[in-house]
>>> print(open('protein-v4.pdb').read())   # PDB, C-alpha atoms
ATOM      1  CA  MET A  30     137.009 108.837  87.294
ATOM      2  CA  VAL A  31     133.442 107.787  87.995
ATOM      3  CA  VAL A  32     131.152 104.936  86.976
ATOM      4  CA  GLU A  33     127.560 105.902  86.243
ATOM      5  CA  GLU A  34     124.473 105.026  84.204
ATOM      6  CA  LEU A  35     123.887 106.755  80.856
ATOM      7  CA  PRO A  36     120.834 106.619  78.547
ATOM      8  CA  ASP A  37     120.659 103.720  76.092
ATOM      9  CA  LEU A  38     121.950 104.401  72.577
ATOM     10  CA  SER A  39     120.187 103.960  69.249
ATOM     11  CA  PRO A  40     121.992 103.678  65.902
ATOM     12  CA  GLY A  41     121.304 106.424  63.402
ATOM     13  CA  PRO A  42     121.395 105.972  59.639
ATOM     14  CA  GLY A  43     124.622 104.308  58.590
ATOM     15  CA  GLN A  44     125.559 103.439  62.170
ATOM     16  CA  VAL A  45     125.855 100.205  64.154
ATOM     17  CA  LEU A  46     125.061  99.712  67.844
ATOM     18  CA  VAL A  47     127.564  97.304  69.401
ATOM     19  CA  GLU A  48     128.242  95.672  72.738
ATOM     20  CA  PRO A  49     131.943  95.694  73.664
ATOM     21  CA  ILE A  50     133.305  92.237  74.444
ATOM     22  CA  ALA A  51     136.628  93.611  75.651
ATOM     23  CA  CYS A  52     138.406  96.949  75.559
ATOM     24  CA  GLY A  53     142.074  97.498  76.311
ATOM     25  CA  ILE A  54     143.248 100.306  78.562
ATOM     26  CA  CYS A  55     145.650 102.279  76.383
ATOM     27  CA  GLY A  56     148.634 104.369  77.396
ATOM     28  CA  SER A  57     146.952 107.299  75.670
ATOM     29  CA  ASP A  58     144.009 106.878  78.035
ATOM     30  CA  LEU A  59     146.374 107.003  81.013
ATOM     31  CA  HIS A  60     147.915 110.192  79.612
ATOM     32  CA  THR A  61     144.471 111.693  79.050
ATOM     33  CA  VAL A  62     143.507 111.502  82.723
ATOM     34  CA  ASP A  63     146.304 113.896  83.714
ATOM     35  CA  HIS A  64     147.191 115.670  80.465
ATOM     36  CA  ALA A  65     144.034 115.948  78.350
ATOM     37  CA  HIS A  66     144.340 119.707  77.867
ATOM     38  CA  ASP A  67     147.970 119.367  76.722
ATOM     39  CA  LEU A  68     147.057 116.622  74.251
ATOM     40  CA  VAL A  69     144.234 118.668  72.751
ATOM     41  CA  GLU A  70     146.406 121.781  72.518
ATOM     42  CA  SER A  71     149.189 119.861  70.765
ATOM     43  CA  SER A  72     146.747 118.228  68.370
ATOM     44  CA  ARG A  73     145.279 121.578  67.391
ATOM     45  CA  ALA A  74     148.739 123.084  66.982
ATOM     46  CA  ALA A  75     149.526 120.204  64.627
ATOM     47  CA  GLY A  76     146.549 121.053  62.444
ATOM     48  CA  GLY A  77     143.701 119.121  64.012
ATOM     49  CA  GLY A  78     142.513 115.563  64.014
ATOM     50  CA  GLY A  79     142.457 113.030  66.806
ATOM     51  CA  PHE A  80     142.070 114.656  70.188
ATOM     52  CA  ALA A  81     141.158 118.054  68.741
ATOM     53  CA  ASP A  82     137.974 116.934  66.973
ATOM     54  CA  GLY A  83     134.904 116.459  69.151
ATOM     55  CA  PHE A  84     136.746 116.348  72.469
ATOM     56  CA  ASP A  85     136.470 119.004  75.161
ATOM     57  CA  PRO A  86     138.611 118.090  78.201
ATOM     58  CA  ASN A  87     136.335 120.176  80.421
ATOM     59  CA  LEU A  88     133.395 117.827  79.772
ATOM     60  CA  PRO A  89     132.898 114.151  80.690
ATOM     61  CA  VAL A  90     134.097 111.500  78.258
ATOM     62  CA  VAL A  91     133.703 107.713  78.195
ATOM     63  CA  MET A  92     137.105 106.444  77.080
ATOM     64  CA  GLY A  93     138.120 103.209  75.361
ATOM     65  CA  HIS A  94     139.177 102.653  71.745
ATOM     66  CA  GLU A  95     140.872  99.199  71.703
ATOM     67  CA  VAL A  96     137.677  97.236  71.160
ATOM     68  CA  SER A  97     136.253  93.882  70.172
ATOM     69  CA  CYS A  98     132.480  93.736  70.037
ATOM     70  CA  ARG A  99     129.199  92.123  68.986
ATOM     71  CA  ILE A 100     126.440  93.855  67.053
ATOM     72  CA  LEU A 101     123.242  94.679  68.921
ATOM     73  CA  ALA A 102     121.385  96.606  66.207
ATOM     74  CA  VAL A 103     121.974  98.351  62.885
ATOM     75  CA  GLY A 104     120.734 101.695  61.647
ATOM     76  CA  GLU A 105     118.945 102.525  58.434
ATOM     77  CA  GLY A 106     120.900 101.777  55.279
ATOM     78  CA  VAL A 107     123.475  99.517  56.922
ATOM     79  CA  SER A 108     124.473  96.411  55.000
ATOM     80  CA  GLY A 109     127.430  94.082  54.793
ATOM     81  CA  VAL A 110     127.630  93.225  58.490
ATOM     82  CA  SER A 111     126.022  90.349  60.316
ATOM     83  CA  GLU A 112     124.545  90.438  63.794
ATOM     84  CA  ASP A 113     126.170  87.049  64.341
ATOM     85  CA  GLY A 114     129.779  86.672  65.387
ATOM     86  CA  ALA A 115     132.378  89.003  66.843
ATOM     87  CA  TYR A 116     134.324  91.924  65.402
ATOM     88  CA  ALA A 117     137.549  93.797  65.988
ATOM     89  CA  ALA A 118     136.637  97.458  65.776
ATOM     90  CA  MET A 119     138.509 100.428  64.439
ATOM     91  CA  PRO A 120     137.351 103.396  66.570
ATOM     92  CA  PHE A 121     135.545 105.286  63.803
ATOM     93  CA  LEU A 122     132.015 106.657  63.715
ATOM     94  CA  GLU A 123     130.497 108.810  60.985
ATOM     95  CA  THR A 124     128.003 111.350  62.378
ATOM     96  CA  PRO A 125     125.984 114.193  60.819
ATOM     97  CA  ASN A 126     128.823 116.484  61.902
ATOM     98  CA  GLY A 127     131.646 114.340  60.525
ATOM     99  CA  ARG A 128     133.791 111.492  61.767
ATOM    100  CA  VAL A 129     134.472 111.159  65.493
ATOM    101  CA  ILE A 130     136.591 108.760  67.532
ATOM    102  CA  PRO A 131     134.448 107.097  70.211
ATOM    103  CA  GLY A 132     136.491 107.146  73.371
ATOM    104  CA  TYR A 133     137.720 110.665  72.595
ATOM    105  CA  SER A 134     134.359 112.261  71.945
ATOM    106  CA  ASN A 135     132.149 113.815  74.594
ATOM    107  CA  GLY A 136     129.016 112.908  72.657
ATOM    108  CA  TYR A 137     129.796 109.278  71.762
ATOM    109  CA  PRO A 138     130.989 106.811  74.411
ATOM    110  CA  GLY A 139     133.952 104.512  73.929
ATOM    111  CA  GLY A 140     134.551 100.946  74.961
ATOM    112  CA  TYR A 141     134.529 101.336  78.747
ATOM    113  CA  SER A 142     130.792 100.755  78.481
ATOM    114  CA  ASP A 143     128.243  98.131  77.529
ATOM    115  CA  GLN A 144     127.035 100.043  74.445
ATOM    116  CA  MET A 145     128.720 102.150  71.797
ATOM    117  CA  LEU A 146     128.124 103.310  68.231
ATOM    118  CA  LEU A 147     130.440 102.590  65.315
ATOM    119  CA  SER A 148     130.403 102.768  61.537
ATOM    120  CA  PRO A 149     129.993  99.419  59.753
ATOM    121  CA  TYR A 150     133.208  99.858  57.740
ATOM    122  CA  ALA A 151     135.079  99.977  61.068
ATOM    123  CA  LEU A 152     134.176  96.368  61.903
ATOM    124  CA  LEU A 153     136.416  93.445  60.894
ATOM    125  CA  PRO A 154     135.092  89.926  61.570
ATOM    126  CA  VAL A 155     137.168  88.064  64.129
ATOM    127  CA  PRO A 156     138.621  85.053  62.288
ATOM    128  CA  ASN A 157     137.424  81.635  63.407
ATOM    129  CA  GLY A 158     139.441  80.284  66.286
ATOM    130  CA  LEU A 159     140.614  83.621  67.722
ATOM    131  CA  ASP A 160     139.260  84.424  71.174
ATOM    132  CA  PRO A 161     137.242  87.659  70.740
ATOM    133  CA  THR A 162     138.795  89.080  73.903
ATOM    134  CA  ILE A 163     142.251  88.713  72.314
ATOM    135  CA  ALA A 164     140.919  90.538  69.239
ATOM    136  CA  ALA A 165     140.711  93.680  71.391
ATOM    137  CA  LEU A 166     144.512  93.823  71.071
ATOM    138  CA  THR A 167     144.276  94.461  67.327
ATOM    139  CA  GLU A 168     144.469  98.238  67.688
ATOM    140  CA  PRO A 169     147.602  98.381  69.871
ATOM    141  CA  MET A 170     149.277  95.729  67.718
ATOM    142  CA  ALA A 171     148.532  97.880  64.671
ATOM    143  CA  VAL A 172     150.324 100.782  66.391
ATOM    144  CA  GLY A 173     153.421  98.597  66.679
ATOM    145  CA  LEU A 174     153.159  97.399  63.085
ATOM    146  CA  HIS A 175     152.845 100.979  61.851
ATOM    147  CA  ALA A 176     156.076 101.950  63.619
ATOM    148  CA  VAL A 177     157.826  98.973  62.013
ATOM    149  CA  ASN A 178     156.428  99.770  58.561
ATOM    150  CA  GLU A 179     157.451 103.420  58.849
ATOM    151  CA  SER A 180     161.049 102.405  59.516
ATOM    152  CA  SER A 181     163.632 101.031  57.101
ATOM    153  CA  ILE A 182     164.079  97.788  59.052
ATOM    154  CA  GLU A 183     164.654  94.654  57.016
ATOM    155  CA  PRO A 184     165.963  91.138  57.651
ATOM    156  CA  GLY A 185     169.657  91.295  58.457
ATOM    157  CA  ARG A 186     169.407  94.657  60.202
ATOM    158  CA  ILE A 187     169.305  94.798  64.011
ATOM    159  CA  ALA A 188     166.397  96.460  65.840
ATOM    160  CA  ILE A 189     166.722  98.047  69.277
ATOM    161  CA  VAL A 190     163.479  98.775  71.162
ATOM    162  CA  VAL A 191     163.882 101.169  74.086
ATOM    163  CA  GLY A 192     160.963 100.650  76.461
ATOM    164  CA  ALA A 193     158.910  97.469  76.823
ATOM    165  CA  GLY A 194     155.584  98.939  77.820
ATOM    166  CA  PRO A 195     152.515  98.222  75.655
ATOM    167  CA  VAL A 196     153.825 100.246  72.675
ATOM    168  CA  GLY A 197     157.322  98.778  72.856
ATOM    169  CA  LEU A 198     155.960  95.255  73.197
ATOM    170  CA  ALA A 199     153.696  95.808  70.184
ATOM    171  CA  ILE A 200     156.744  96.931  68.184
ATOM    172  CA  ILE A 201     158.697  93.873  69.337
ATOM    173  CA  ALA A 202     155.814  91.568  68.379
ATOM    174  CA  SER A 203     155.503  93.146  64.943
ATOM    175  CA  LEU A 204     159.258  93.011  64.357
ATOM    176  CA  ALA A 205     159.248  89.317  65.227
ATOM    177  CA  ALA A 206     156.219  88.663  63.015
ATOM    178  CA  SER A 207     158.053  90.453  60.195
ATOM    179  CA  GLY A 208     161.004  88.077  60.442
ATOM    180  CA  ILE A 209     163.611  90.415  61.907
ATOM    181  CA  ASP A 210     166.602  88.311  62.928
ATOM    182  CA  THR A 211     167.866  90.218  65.959
ATOM    183  CA  ILE A 212     165.656  92.276  68.282
ATOM    184  CA  ILE A 213     167.193  93.896  71.362
ATOM    185  CA  ALA A 214     164.797  95.190  74.042
ATOM    186  CA  SER A 215     165.695  97.539  76.888
ATOM    187  CA  ASP A 216     163.551  98.168  79.980
ATOM    188  CA  PHE A 217     164.082  98.668  83.711
ATOM    189  CA  SER A 218     161.213  96.316  84.637
ATOM    190  CA  PRO A 219     162.076  92.608  85.056
ATOM    191  CA  LYS A 220     158.459  91.683  84.326
ATOM    192  CA  ARG A 221     158.392  93.618  81.084
ATOM    193  CA  ARG A 222     161.759  92.274  79.997
ATOM    194  CA  ALA A 223     160.359  88.774  80.506
ATOM    195  CA  VAL A 224     157.286  89.602  78.424
ATOM    196  CA  ALA A 225     159.529  91.146  75.752
ATOM    197  CA  THR A 226     161.314  87.805  75.440
ATOM    198  CA  GLN A 227     157.979  86.012  75.105
ATOM    199  CA  MET A 228     156.913  88.462  72.392
ATOM    200  CA  GLY A 229     160.024  87.789  70.304
ATOM    201  CA  ALA A 230     162.978  89.797  71.633
ATOM    202  CA  HIS A 231     166.232  87.881  71.208
ATOM    203  CA  VAL A 232     168.230  89.940  73.725
ATOM    204  CA  VAL A 233     166.859  91.844  76.739
ATOM    205  CA  VAL A 234     168.818  94.496  78.600
ATOM    206  CA  ASP A 235     168.393  96.197  81.961
ATOM    207  CA  PRO A 236     169.572  99.752  81.205
ATOM    208  CA  SER A 237     170.515 100.281  84.842
ATOM    209  CA  THR A 238     173.348  97.775  84.419
ATOM    210  CA  ASP A 239     173.793  97.166  80.679
ATOM    211  CA  ASP A 240     173.879  99.170  77.454
ATOM    212  CA  PRO A 241     171.644  98.191  74.507
ATOM    213  CA  ILE A 242     174.231  99.633  72.112
ATOM    214  CA  GLU A 243     176.844  97.298  73.593
ATOM    215  CA  ALA A 244     174.339  94.494  73.044
ATOM    216  CA  TRP A 245     174.121  95.597  69.402
ATOM    217  CA  ARG A 246     177.909  95.448  69.100
ATOM    218  CA  ALA A 247     177.967  92.033  70.768
ATOM    219  CA  ALA A 248     175.378  90.753  68.301
ATOM    220  CA  GLY A 249     178.173  90.476  65.767
ATOM    221  CA  ASP A 250     177.723  93.549  63.590
ATOM    222  CA  ARG A 251     180.873  95.407  62.635
ATOM    223  CA  PRO A 252     181.301  99.068  63.595
ATOM    224  CA  VAL A 253     179.596 101.378  61.130
ATOM    225  CA  ASP A 254     182.904 102.952  60.111
ATOM    226  CA  GLN A 255     184.077  99.467  59.089
ATOM    227  CA  GLY A 256     181.140  98.718  56.851
ATOM    228  CA  GLY A 257     178.696  97.561  59.539
ATOM    229  CA  THR A 258     174.989  98.274  59.291
ATOM    230  CA  PRO A 259     173.624 100.777  61.830
ATOM    231  CA  PRO A 260     170.634  99.696  63.917
ATOM    232  CA  VAL A 261     167.080 100.915  63.762
ATOM    233  CA  ILE A 262     166.190 102.219  67.229
ATOM    234  CA  TYR A 263     162.561 102.488  68.365
ATOM    235  CA  GLU A 264     161.918 104.900  71.236
ATOM    236  CA  ALA A 265     158.826 103.719  73.155
ATOM    237  CA  VAL A 266     159.266 105.462  76.507
ATOM    238  CA  GLY A 267     158.016 109.016  76.013
ATOM    239  CA  VAL A 268     159.780 110.865  78.831
ATOM    240  CA  PRO A 269     161.752 114.117  78.577
ATOM    241  CA  GLY A 270     165.413 113.603  77.771
ATOM    242  CA  MET A 271     165.012 110.172  76.186
ATOM    243  CA  ILE A 272     165.433 111.350  72.580
ATOM    244  CA  ASP A 273     168.654 113.172  73.429
ATOM    245  CA  GLN A 274     169.921 110.159  75.384
ATOM    246  CA  ILE A 275     169.292 107.828  72.450
ATOM    247  CA  MET A 276     170.879 110.244  69.966
ATOM    248  CA  ALA A 277     173.982 110.466  72.151
ATOM    249  CA  ALA A 278     174.307 106.685  72.363
ATOM    250  CA  ALA A 279     173.284 105.770  68.810
ATOM    251  CA  PRO A 280     175.937 104.627  66.333
ATOM    252  CA  PRO A 281     176.461 106.908  63.309
ATOM    253  CA  ARG A 282     173.751 106.762  60.616
ATOM    254  CA  SER A 283     171.265 105.044  62.916
ATOM    255  CA  GLU A 284     167.570 105.515  62.291
ATOM    256  CA  ILE A 285     165.500 106.495  65.340
ATOM    257  CA  LEU A 286     161.722 106.032  65.339
ATOM    258  CA  ILE A 287     159.878 107.990  68.045
ATOM    259  CA  ALA A 288     156.731 106.105  69.094
ATOM    260  CA  GLY A 289     156.637 107.112  72.763
ATOM    261  CA  VAL A 290     154.296 110.006  73.587
ATOM    262  CA  CYS A 291     156.181 112.631  75.575
ATOM    263  CA  ILE A 292     153.674 115.165  76.933
ATOM    264  CA  PRO A 293     155.916 117.975  78.298
ATOM    265  CA  PRO A 294     158.189 120.017  76.024
ATOM    266  CA  ASP A 295     161.508 118.292  75.438
ATOM    267  CA  ASN A 296     165.006 119.253  74.300
ATOM    268  CA  PHE A 297     167.656 117.470  72.309
ATOM    269  CA  ARG A 298     170.932 118.529  70.727
ATOM    270  CA  PRO A 299     170.587 118.783  66.926
ATOM    271  CA  THR A 300     174.360 118.741  66.593
ATOM    272  CA  LEU A 301     174.372 115.110  67.753
ATOM    273  CA  GLY A 302     172.230 114.220  64.773
ATOM    274  CA  ILE A 303     174.240 116.400  62.432
ATOM    275  CA  TYR A 304     177.640 114.998  63.380
ATOM    276  CA  LYS A 305     176.378 111.405  63.340
ATOM    277  CA  HIS A 306     174.074 111.670  60.308
ATOM    278  CA  LEU A 307     171.148 110.315  62.346
ATOM    279  CA  SER A 308     167.649 109.939  60.939
ATOM    280  CA  LEU A 309     164.851 110.928  63.322
ATOM    281  CA  LYS A 310     161.202 110.122  62.599
ATOM    282  CA  PHE A 311     158.016 110.469  64.648
ATOM    283  CA  VAL A 312     155.133 108.033  64.185
ATOM    284  CA  LEU A 313     151.549 107.646  65.420
ATOM    285  CA  GLY A 314     148.541 105.459  64.759
ATOM    286  CA  TRP A 315     148.045 102.950  61.944
ATOM    287  CA  THR A 316     146.363 102.411  58.587
ATOM    288  CA  PRO A 317     143.281 100.218  58.007
ATOM    289  CA  GLU A 318     145.539  97.784  56.157
ATOM    290  CA  GLU A 319     147.845  97.544  59.184
ATOM    291  CA  PHE A 320     144.830  97.052  61.447
ATOM    292  CA  SER A 321     143.662  94.137  59.296
ATOM    293  CA  ALA A 322     147.161  92.640  59.133
ATOM    294  CA  SER A 323     147.490  92.841  62.918
ATOM    295  CA  LEU A 324     144.183  91.034  63.412
ATOM    296  CA  HIS A 325     145.420  88.205  61.206
ATOM    297  CA  ASN A 326     148.799  88.144  62.963
ATOM    298  CA  LEU A 327     146.905  87.499  66.203
ATOM    299  CA  ALA A 328     144.559  84.961  64.632
ATOM    300  CA  GLU A 329     147.345  82.995  62.956
ATOM    301  CA  GLY A 330     149.575  82.874  66.006
ATOM    302  CA  ARG A 331     152.337  85.105  64.666
ATOM    303  CA  ILE A 332     151.672  87.326  67.697
ATOM    304  CA  ASP A 333     150.831  85.788  71.079
ATOM    305  CA  GLY A 334     148.266  88.249  72.358
ATOM    306  CA  GLU A 335     147.415  86.240  75.455
ATOM    307  CA  THR A 336     150.887  86.876  76.872
ATOM    308  CA  LEU A 337     150.237  90.631  76.960
ATOM    309  CA  ILE A 338     147.036  90.405  78.999
ATOM    310  CA  THR A 339     147.818  90.561  82.708
ATOM    311  CA  GLY A 340     144.368  91.421  84.048
ATOM    312  CA  ALA A 341     140.690  91.960  83.315
ATOM    313  CA  VAL A 342     138.161  94.123  85.136
ATOM    314  CA  SER A 343     134.486  94.957  84.970
ATOM    315  CA  ILE A 344     133.372  98.496  84.200
ATOM    316  CA  ASP A 345     133.211  99.144  87.939
ATOM    317  CA  GLY A 346     136.884  98.162  88.188
ATOM    318  CA  VAL A 347     138.209 100.695  85.652
ATOM    319  CA  PRO A 348     139.272 103.404  88.162
ATOM    320  CA  GLN A 349     141.326 100.907  90.169
ATOM    321  CA  ALA A 350     142.800  99.448  86.968
ATOM    322  CA  PHE A 351     144.136 102.887  86.024
ATOM    323  CA  ALA A 352     145.843 103.092  89.413
ATOM    324  CA  ASP A 353     147.235  99.546  89.096
ATOM    325  CA  LEU A 354     148.760 100.259  85.676
ATOM    326  CA  ALA A 355     151.092 102.796  87.281
ATOM    327  CA  ASP A 356     153.155  99.840  88.561
ATOM    328  CA  PRO A 357     155.031  98.148  85.682
ATOM    329  CA  GLU A 358     155.719  95.096  87.849
ATOM    330  CA  GLN A 359     152.011  94.508  88.372
ATOM    331  CA  HIS A 360     150.493  94.795  84.894
ATOM    332  CA  VAL A 361     151.226  95.157  81.191
ATOM    333  CA  LYS A 362     147.742  95.237  79.629
ATOM    334  CA  ILE A 363     144.386  95.233  81.403
ATOM    335  CA  LEU A 364     141.187  94.541  79.474
ATOM    336  CA  VAL A 365     137.838  96.020  80.435
ATOM    337  CA  ARG A 366     135.227  93.265  80.238
ATOM    338  CA  PRO A 367     131.637  94.563  80.630
ATOM    339  CA  ASP A 368     130.433  90.981  81.093
ATOM    340  CA  LEU A 369     132.401  90.509  84.336
TER     341      LEU A 369
END
>>> encode(input="protein-v4.pdb", output="structure tokens")
Amino acid sequence: MVVEELPDLSPGPGQVLVEPIACGICGSDLHTVDHAHDLVESSRAAGGGGFADGFDPNLPVVMGHEVSCRILAVGEGVSGVSEDGAYAAMPFLETPNGRVIPGYSNGYPGGYSDQMLLSPYALLPVPNGLDPTIAALTEPMAVGLHAVNESSIEPGRIAIVVGAGPVGLAIIASLAASGIDTIIASDFSPKRRAVATQMGAHVVVDPSTDDPIEAWRAAGDRPVDQGGTPPVIYEAVGVPGMIDQIMAAAPPRSEILIAGVCIPPDNFRPTLGIYKHLSLKFVLGWTPEEFSASLHNLAEGRIDGETLITGAVSIDGVPQAFADLADPEQHVKILVRPDL
């Protein structure tokens, strides 16, 4: 990773030039540093979109897609946005060659910069009273809300979140904001278990000494074969073997949502799912409606975004921040702040 000067940008027709206020360092960005070719290959094998469009891992890229920003200038034909105030930004830009995702496009820089281009429809005004730096958490919170919305969770049913990194914490926050009565979080890191409690987890478990399924049983639900309701389990770790481990431990008829991004090929035993009637679902991303809802969850205090932020760096500090994020006891979420 290097820090260098690039030419100034100018907005084309239908585009907006913005100045990032803050940009979160995402787990996907950490994966990209070491596994960009694998991510692109998988995306193309899945039919395109995301990493596969406009991103060549052999060329430089300015990353960053969890952005809050201010408008510097607007291109021809742009209306409906004001150069006053701050915005939470969906990472979308329409270009003459189609939509790209700044941060995963070699031709259009992302939020680890002091200038980037976006489409006006991608900008949501930051509600009055919300710190614009906190608004940069809208995108990762929307990822958590999407996982919750894609599941069958409802009040009265217990949620188990395996992994309390940024994705797991976003799921916990969205579950709590949705009114789920019992949320069990499992993580090896004491720091992340503490943050999970702050984000709304009712029970936290160290999997090296305790079993989240035992915590589910202790929460008062009857065994499934006696009319109890099976849990919804959210996998937010993304390492080989985790899916099989969860399937082996899950009570019969559990629903398992896979939100963790496992890069290498993985194996699990289908017979575990067959014998136990398990439901397995993979999720990614968010909808514009979920993005908007997450912004308002932050603004209205239903999600405490400030608790997630454990550091902030200037653009020059990005390479060291990537190294620091390898230690779960040191950081949860670092924001890139070009103004520092």
>>> closest_atom_pairs(input="protein-v4.pdb", of="region 49-144 of chain A", to="region 149-157 of chain A", cutoff="10 Å", atoms="all atoms listed in the file", output="CSV")
residue,atom,partner,partner_atom,distance
A:Val96,CA,A:Leu152,CA,9.9
A:Ser97,CA,A:Val155,CA,8.4
A:Cys98,CA,A:Leu152,CA,8.7
A:Arg99,CA,A:Leu152,CA,9.6
A:Ile100,CA,A:Leu152,CA,9.6
A:Val103,CA,A:Pro149,CA,8.7
A:Gly104,CA,A:Pro149,CA,9.7
A:Val107,CA,A:Pro149,CA,7.1
A:Ser108,CA,A:Pro149,CA,7.9
A:Gly109,CA,A:Pro149,CA,7.7
A:Val110,CA,A:Pro149,CA,6.7
A:Ser111,CA,A:Pro154,CA,9.2
A:Asp113,CA,A:Pro154,CA,9.8
A:Gly114,CA,A:Pro154,CA,7.3
A:Ala115,CA,A:Val155,CA,5.6
A:Tyr116,CA,A:Pro154,CA,4.4
A:Ala117,CA,A:Leu153,CA,5.2
A:Ala118,CA,A:Leu152,CA,4.7
A:Met119,CA,A:Ala151,CA,4.8
A:Pro120,CA,A:Ala151,CA,6.9
A:Phe121,CA,A:Ala151,CA,6.0
A:Leu122,CA,A:Ala151,CA,7.8
A:Glu123,CA,A:Pro149,CA,9.5
>>> residues_around(input="protein-v4.pdb", residues="region 205-211 of chain A", least_positions_apart="5", cutoff="7 Å", atoms="all atoms listed in the file", output="PyMOL selection string")
chain A and resi 183-185+187-188+229+231+331-332
>>> closest_residue(input="protein-v4.pdb", among="A:Pro36, A:Pro281, A:Pro131, A:Pro169", to="Ala199 (chain A)", atoms="all atoms listed in the file")
A:Pro169
>>> atom_distance(input="protein-v4.pdb", atom1="CA of Val177 (chain A)", atom2="CA of Ala288 (chain A)")
10.1 Å
>>> closest_residue(input="protein-v4.pdb", among="A:Leu146, A:Ile130, A:Leu88, A:Leu198", to="Gln44 (chain A)", atoms="all atoms listed in the file")
A:Leu146
>>> closest_residue(input="protein-v4.pdb", among="A:Arg298, A:Lys220, A:Lys310, A:His325", to="Met170 (chain A)", atoms="only C-alpha atoms")
A:His325
>>> resolve_selection(input="protein-v4.pdb", expression="the PyMOL selection byres ((chain A and resi 144) around 7)", output="list in words")
Leu38, Leu46, Val47, Glu48, Pro49, Ser142, Asp143 and Met145 of chain A
>>> residues_around(input="protein-v4.pdb", residues="Leu364 (chain A)", least_positions_apart="6", cutoff="6 Å", atoms="all atoms listed in the file", output="VMD selection string")
chain A and resid 52 to 53 341
>>> resolve_selection(input="protein-v4.pdb", expression="the PyMOL selection byres ((chain A and resi 301) around 12)", output="list in words")
Ile272, Asp273, Gln274, Ile275, Met276, Ala277, Ala278, Ala279, Pro280, Pro281, Arg282, Ser283, Phe297, Arg298, Pro299, Thr300, Gly302, Ile303, Tyr304, Lys305, His306, Leu307, Ser308 and Leu309 of chain A
>>> atom_distance(input="protein-v4.pdb", atom1="CA of Ala247 (chain A)", atom2="CA of Val196 (chain A)")
25.6 Å
>>> closest_residue(input="protein-v4.pdb", among="A:Val234, A:Ser181, A:Pro259, A:Glu70", to="Arg246 (chain A)", atoms="all atoms listed in the file")
A:Pro259
>>> residues_near_point(input="protein-v4.pdb", point="(178.1, 92.3, 69.0)", cutoff="12 Å", atoms="only C-alpha atoms", output="MDAnalysis selection string")
chainID A and resid 187 211 213 232 240:252 257:260
>>> closest_residue(input="protein-v4.pdb", among="A:Pro89, A:Gly194, A:Ile262, A:Ile163", to="Gly139 (chain A)", atoms="all atoms listed in the file")
A:Pro89
>>> atom_distance(input="protein-v4.pdb", atom1="CA of Ile344 (chain A)", atom2="CA of Ile363 (chain A)")
11.8 Å
>>> residues_around(input="protein-v4.pdb", residues="region 347-359 of chain A", least_positions_apart="4", cutoff="9 Å", atoms="only C-alpha atoms", output="PyMOL selection string")
chain A and resi 30-32+54+58-59+141+194+218-221+339-343+363+365
>>> closest_residue(input="protein-v4.pdb", among="A:Gly93, A:Pro294, A:Pro86, A:Pro125", to="Ala51 (chain A)", atoms="only C-alpha atoms")
A:Gly93
>>> axis_aligned_box(input="protein-v4.pdb", around="region 186-203 of chain A", padding_each_side="3 Å", output="lines of an AutoDock Vina configuration file")
center_x = 161.0
center_y = 96.4
center_z = 69.0
size_x = 22.9
size_y = 15.6
size_z = 23.6
>>> resolve_selection(input="protein-v4.pdb", expression="the PyMOL selection byres ((chain A and resi 192) around 6)", output="number ranges by chain")
A: 191, 193-194, 197, 215-216, 265-266
>>> decode(input="protein-v4.pdb", residues="region 53-62 of chain A", atoms="N, CA and C atoms", output="PDB file, in the first residue's frame")
ATOM      1  N   GLY A  53     -14.893   4.419   6.460  1.00  0.00           N
ATOM      2  CA  GLY A  53     -14.546   3.258   7.257  1.00  0.00           C
ATOM      3  C   GLY A  53     -13.677   2.275   6.486  1.00  0.00           C
ATOM      4  N   ILE A  54     -12.768   1.633   7.209  1.00  0.00           N
ATOM      5  CA  ILE A  54     -11.987   0.539   6.630  1.00  0.00           C
ATOM      6  C   ILE A  54     -12.799  -0.736   6.810  1.00  0.00           C
ATOM      7  N   CYS A  55     -13.166  -1.342   5.699  1.00  0.00           N
ATOM      8  CA  CYS A  55     -14.081  -2.482   5.681  1.00  0.00           C
ATOM      9  C   CYS A  55     -13.302  -3.796   5.672  1.00  0.00           C
ATOM     10  N   GLY A  56     -13.933  -4.839   6.212  1.00  0.00           N
ATOM     11  CA  GLY A  56     -13.323  -6.159   6.137  1.00  0.00           C
ATOM     12  C   GLY A  56     -13.068  -6.604   4.715  1.00  0.00           C
ATOM     13  N   SER A  57     -13.938  -6.194   3.791  1.00  0.00           N
ATOM     14  CA  SER A  57     -13.713  -6.529   2.381  1.00  0.00           C
ATOM     15  C   SER A  57     -12.436  -5.883   1.856  1.00  0.00           C
ATOM     16  N   ASP A  58     -12.139  -4.678   2.354  1.00  0.00           N
ATOM     17  CA  ASP A  58     -10.891  -4.026   1.938  1.00  0.00           C
ATOM     18  C   ASP A  58      -9.686  -4.802   2.454  1.00  0.00           C
ATOM     19  N   LEU A  59      -9.775  -5.291   3.695  1.00  0.00           N
ATOM     20  CA  LEU A  59      -8.683  -6.095   4.243  1.00  0.00           C
ATOM     21  C   LEU A  59      -8.490  -7.364   3.420  1.00  0.00           C
ATOM     22  N   HIS A  60      -9.603  -8.004   3.035  1.00  0.00           N
ATOM     23  CA  HIS A  60      -9.508  -9.197   2.194  1.00  0.00           C
ATOM     24  C   HIS A  60      -8.874  -8.864   0.844  1.00  0.00           C
ATOM     25  N   THR A  61      -9.214  -7.707   0.301  1.00  0.00           N
ATOM     26  CA  THR A  61      -8.762  -7.347  -1.039  1.00  0.00           C
ATOM     27  C   THR A  61      -7.244  -7.252  -1.116  1.00  0.00           C
ATOM     28  N   VAL A  62      -6.601  -6.769  -0.052  1.00  0.00           N
ATOM     29  CA  VAL A  62      -5.157  -6.605  -0.081  1.00  0.00           C
ATOM     30  C   VAL A  62      -4.460  -7.933  -0.391  1.00  0.00           C
TER      31      VAL A  62
END
